[in-house]
Every structure is written in structure tokens, then in C-alpha cells.
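As C-alpha cells, the structure follows; a few thoughts come after it.
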Amino acid sequence: MPEPGLACCVCDEPLEGEPQYLGGRSYCARHYERVAREGPAAAPPILIEICVVVLFAAAVAGLAALTNPVLDGVALIAVGVLLALVPAAIWLVAFYRQDRLEPEPKRAVLGVFLLGGIMAEAIGQPLIRSLFHVQDWLYNSPLVGLFGSILVIGFVQEFLKYAGVRYTIFNSPEFDERVDGIIYGAAVGLGYATMLNLRYVLENRGVDLGVGVIQIAITALAHASFSGVSGYFLGRAKFERMGAWWLPLGLTAAAALNGFASFVLHRAPLLGGFSYSPWPGLVVAAAVAGATFLLLFAVTRRLNAATLAAASEPAAASA
């Protein structure tokens with residue numbers, strides 16, 4: 001018989017019959033079976049989607065260079081807004097497809113995506129620009145730029161994205177696998193990035209199509225990978241007893257990656273010489289996103305394999 005008050009760590013329903021344990025957490029029969037099931041690798045489709053975003057940006061930039069379209073006013077703004085939304089749409093489709101057991105509910109993925117955008121506009125940008133005034137001092141020196149990017153921009157942005165998952169979908173029965181942390185983390189990051197891109201377009205009353213679409217792709221790639229890191233830590237925290245230090249460590253890792261990448265991306269456009277070019281930044285962002293997701297999904301797959309092995313041991317022993 002289960003201990004009085006013992007509940008499933010996923011659905012929070014009281015346990016009946018013999019309780020099942022994995023990673024020190026108790027499960028009902030349905031969610032024990034789900035968390036222990038094996039599925040296909042998730043990394044290759046994600047890497048393909050990264051390539052799609054990069055190719056989209058390159059195609060639009062190349063077409064703009066060849067045709068040199070003349071746009072201004074409302075038309076330029078409208079095209080910029082459309083460009084800002086396309087990478088988000090590509091990535092949302094990618095992450096929606098990556099749940100290895102069954103697709104995540106569309107409303108849940110869309111919900112954290114929209115929440116990320118709201119927090120960027122309502123909290124993140126006012127804190128960074130109006131309270132800390134980073135635009136006035138961040139690039140005074142390389143050392144100030146690096147530490148300011150991590151301690152101010154990185155921690156503000158990544159805490160908001162972390163909170164967007166931790167205090168919403170994390171507590172829902174829909175969050176029922178380790179990989180869900182990466183999926184929902186990336187979705188909230190994409191929402192945050194999309195709002196930054198929309199702000200970028202509207203503040204500039206439209207953008208140069210070549211440079212603008214590359215900057216938009218860079219922002220989407222970067223923020224999806226940053227919050228995917230904290231999402232990985234959230235995924236493990238729900239299904240394993242990781243200790244009080246685990247989630248702060250994940251937030252710090254995401255903030256450090258955010259700040260360091262932002263610092264590098266600010267300087268990457270000048271790597272080719274004295275003239276501005278956004279292409280090095282796109283290469284850096286794609287490399288960071290690809291390496292980050294490849295690592296996160298590889299580690300998660302190994303953890304799932306270990307969970308599956310642990311789940312099969314009792315069955316083998318009782319046979």
C-alpha cells in the first residue's frame with residue numbers, strides 16, 4: 001500500500017496500489033509508463049529547422065540584394081513585421097513536432113510563447129532600458145560589456161523566460177517528460193525573441209530587408225537556445241531530486257550563455273573588417289543554437305535510456 005498522502009509527481013493524483021518510483025519521485029501507473037518509454041531522437045529535426053531559419057534569412061537577404069526593392073512607410077513596416085513572425089512560426093512548428101511520445105497541446109505551446117512576448121514588452125525591456133539604462137554604458141569597454149551583458153541582460157531575460165515556464169506549465173500534468181522542459185523553454189524564448197524583433201521593426205519604422213531579416217533570425221535562434229538550457233534544468237528538476245542548487249544553476253548557465261553570446265554577437269558583424277556585415281553574427285547564432293540543442297537532446301536521450309533501464313529492472317526481477 002502507498003504511504004498516506006503520496007501522490008504522482010506529474011498529475012498530483014493520490015496513488016493507489018503499489019507506488020512506482022524513478023529518480024526518487026513517485027508516479028501513478030500511467031505516468032510511470034510514459035516517462036519510461038523510449039522514442040525517436042529529437043535532435044536531427046531541430047537541426048534541420050535551424051538550417052531552415054538560416055536559409056530563410058539568407059534567401060530573403062540575397063533576394064533583397066538582387067532586386068533592391070523600394071519600400072517605405074506602411075509597406076516597409078508591414079514587410080518587417082511579417083519577417084519578424086516567420087522564424088517564430090518555423091520554430092514553433094519544429095518544437096511542436098519534437099515531443100517524442102505525443103505532440104504537446106497546441107494551446108500550451110502557444111500560451112508560453114505568448115507569455116514570453118508579453119514579459120519581454122511589459123517587464124524585460126522596461127527593466128533593461130529604463131531602469132538599468134544599458135544603452136548608455138554597456139559598450140563603454142569590452143569588460144563592462146561582457147559583465148553587463150551577463151549580469152543585467154542575461155539574468156533579466158533568462159529569469160523572465162524561466163518564470164514563464166516554472167510558474168505555469170511546469171505545474172501542469174501536460175509537463176510529463178524531461179524533454180518537455182526544452183520544448184516549453186524554447187517556446188517561451190521564441191515568444192520573447194519575437195517581441196524583441198517586432199520592437200526592432202517598429203522602432204526603426206521598418207528595416208532594411210537584407211540586414212533586418214538576418215538580425216531577426218539571429219534573435220530567434222539565440223533566444224530559443226538560451227531558454228532551452230534552463231528548460232533542460234526544469235525538465236530534470238520535475239522528474240529527479242536534484243537539490244536546491246539545481247534550478248539556480250540552470251538559470252545561471254542560461255544567463256551566462258545569453259550574456260556571452262550577446263557580447264560576441266554585438267562584435268561579430270565587424271569581424272570581416274571595418275564595414276558592417278550581419279553575416280558573421282548569423283553564423284555564430286546558428287552554431288550556438290545547433291550545438292546547444294544537439295547537446296541538450298543528447299543528454300536528455302541518455303537520461304531517458306537510463307530511466308527505461310531502471311523501469312525494466314523490477315519487471316525483470318519479478319519474472
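Here, A, B, ... name the chains of the C-alpha cells in the order displayed, residue numbers run from 1 inside each chain, and ligands are numbered from 1 in the same displayed order.
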
Requested in this report: Find the spatial neighbours of Pro142 in chain A, counting only C-alpha atoms, within a cut-off of 12 Å - ignore same-chain residues fewer than 4 positions away - and output them as number ranges by chain.
Outcome: A: 137-138, 146-149, 260, 263-264, 266-267

Requested in this report: Report as an MDAnalysis selection string: the residues of range 3-176 of chain A with a DSSP assignment of strand (DSSP E or B), based on the backbone of this structure.
Outcome: chainID A and resid 7 14 20:22 25:27

Using the selection just defined, write its residues with N, CA and C atoms as a PDB file, in the first residue's frame.
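again_11.pdb written:
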```pdb
ATOM      1  N   ALA A   7       1.494  11.135  -3.702  1.00  0.00           N
ATOM      2  CA  ALA A   7       0.836  11.494  -4.957  1.00  0.00           C
ATOM      3  C   ALA A   7       1.819  11.403  -6.112  1.00  0.00           C
ATOM      4  N   PRO A  14      -3.588  11.265  -5.976  1.00  0.00           N
ATOM      5  CA  PRO A  14      -3.195  10.304  -4.939  1.00  0.00           C
ATOM      6  C   PRO A  14      -2.930   8.934  -5.553  1.00  0.00           C
ATOM      7  N   GLN A  20       5.108   3.488  -7.792  1.00  0.00           N
ATOM      8  CA  GLN A  20       6.257   3.330  -8.666  1.00  0.00           C
ATOM      9  C   GLN A  20       7.183   4.515  -8.444  1.00  0.00           C
ATOM     10  N   TYR A  21       8.492   4.242  -8.423  1.00  0.00           N
ATOM     11  CA  TYR A  21       9.464   5.299  -8.172  1.00  0.00           C
ATOM     12  C   TYR A  21      10.515   5.316  -9.271  1.00  0.00           C
ATOM     13  N   LEU A  22      10.913   6.519  -9.671  1.00  0.00           N
ATOM     14  CA  LEU A  22      12.054   6.743 -10.554  1.00  0.00           C
ATOM     15  C   LEU A  22      12.706   8.044 -10.125  1.00  0.00           C
ATOM     16  N   ARG A  25      11.261  10.014  -7.280  1.00  0.00           N
ATOM     17  CA  ARG A  25       9.919  10.591  -7.389  1.00  0.00           C
ATOM     18  C   ARG A  25       8.885   9.486  -7.564  1.00  0.00           C
ATOM     19  N   SER A  26       7.694   9.704  -7.029  1.00  0.00           N
ATOM     20  CA  SER A  26       6.622   8.721  -7.126  1.00  0.00           C
ATOM     21  C   SER A  26       5.722   9.021  -8.322  1.00  0.00           C
ATOM     22  N   TYR A  27       5.206   7.956  -8.966  1.00  0.00           N
ATOM     23  CA  TYR A  27       4.395   8.087 -10.176  1.00  0.00           C
ATOM     24  C   TYR A  27       3.155   7.209 -10.078  1.00  0.00           C
TER      25      TYR A  27
END
```

**Report entry** Residue nearest Ala220 in chain A - candidates A:Leu190, A:Ala285, A:Leu63, A:Val207, atoms counted: only C-alpha atoms
**Finding:**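 Looking at the shortest contact to Ala220 in chain A, the residue is A:Leu190.
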
Query - Which of range 26-222 of chain A fall in helix (DSSP H, G or I), as a PyMOL selection string - result: chain A and resi 29-35+43-67+73-96+106-131+134-137+142-166+169-171+178-203+209-222

Query - Distance query Gly185 in chain A at most 7 Å, only C-alpha atoms, self and fewer than 3 positions along chain excluded, as a PyMOL selection string - result: chain A and resi 165+181-182+188-189+227-228+230-231

Query - Best match for closeness to Gly154 in chain A among A:Val70, A:Val211, A:Ala253, A:Ile90, counting only C-alpha atoms - result: A:Ala253

Query - Spatial neighbours of Tyr232 in chain A, 10 Å, only C-alpha atoms, chain gap at least 4 places, as a VMD selection string - result: chain A and resid 178 to 186 227 to 228 236 to 237 247 250 293 296 to 297 299 to 300

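Of the residues under consideration (A:Phe239, A:Trp245, A:Tyr167, A:Tyr200), A:Phe239 shows the shortest atom-to-atom contact distance to Cys9 in chain A when counting only C-alpha atoms.
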
Could you give me, as CSV, a per-residue list for range 110-204 of chain A showing, wherever an atom lies at most 12 Å from an atom of range 28-32 of chain A, the closest pair of atoms and their distance in Å to one decimal, using only C-alpha atoms and sorting by chain then residue number from low to high?
```
residue,atom,partner,partner_atom,distance
A:Pro173,CA,A:His31,CA,9.2
A:Glu174,CA,A:His31,CA,10.6
A:Phe175,CA,A:His31,CA,10.6
A:Asp176,CA,A:His31,CA,7.2
A:Glu177,CA,A:His31,CA,9.0
```

Query raised in the report: What is the CA of Leu234 in chain A-CA of Thr252 in chain A distance in Å, reported with one decimal?
Result: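 For CA of Leu234 in chain A relative to CA of Thr252 in chain A, the distance reads 12.8 Å.
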
Query - Pick from A:Ala120, A:Val134, A:Val74, A:Val156, whichever lies nearest to Ala255 in chain A using only C-alpha atoms - result: A:Val156

**Report entry** CA of Val109 in chain A to CA of Gly206 in chain A, straight-line distance in Å
**Finding:**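 Atom-to-atom, CA of Gly206 in chain A and CA of Val109 in chain A are spaced 28.6 Å apart.
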
Query - Selected residue of minimal separation from Thr194 in chain A among A:Ile50, A:Leu249, A:Ile218, A:Ala94, counting only C-alpha atoms - result: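 For Thr194 in chain A, the nearest of the given residues is A:Ile218.
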
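Taking CA of Ala122 in chain A and CA of Pro278 in chain A as the two end points, the separation is 28.3 Å.
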
Requested in this report: Have a look at A:Ile77, A:Leu85, A:Ile153, A:Ile123 and name the one nearest to Ala256 in chain A; count only C-alpha atoms.
Outcome: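 Nearest to Ala256 in chain A: A:Ile153.
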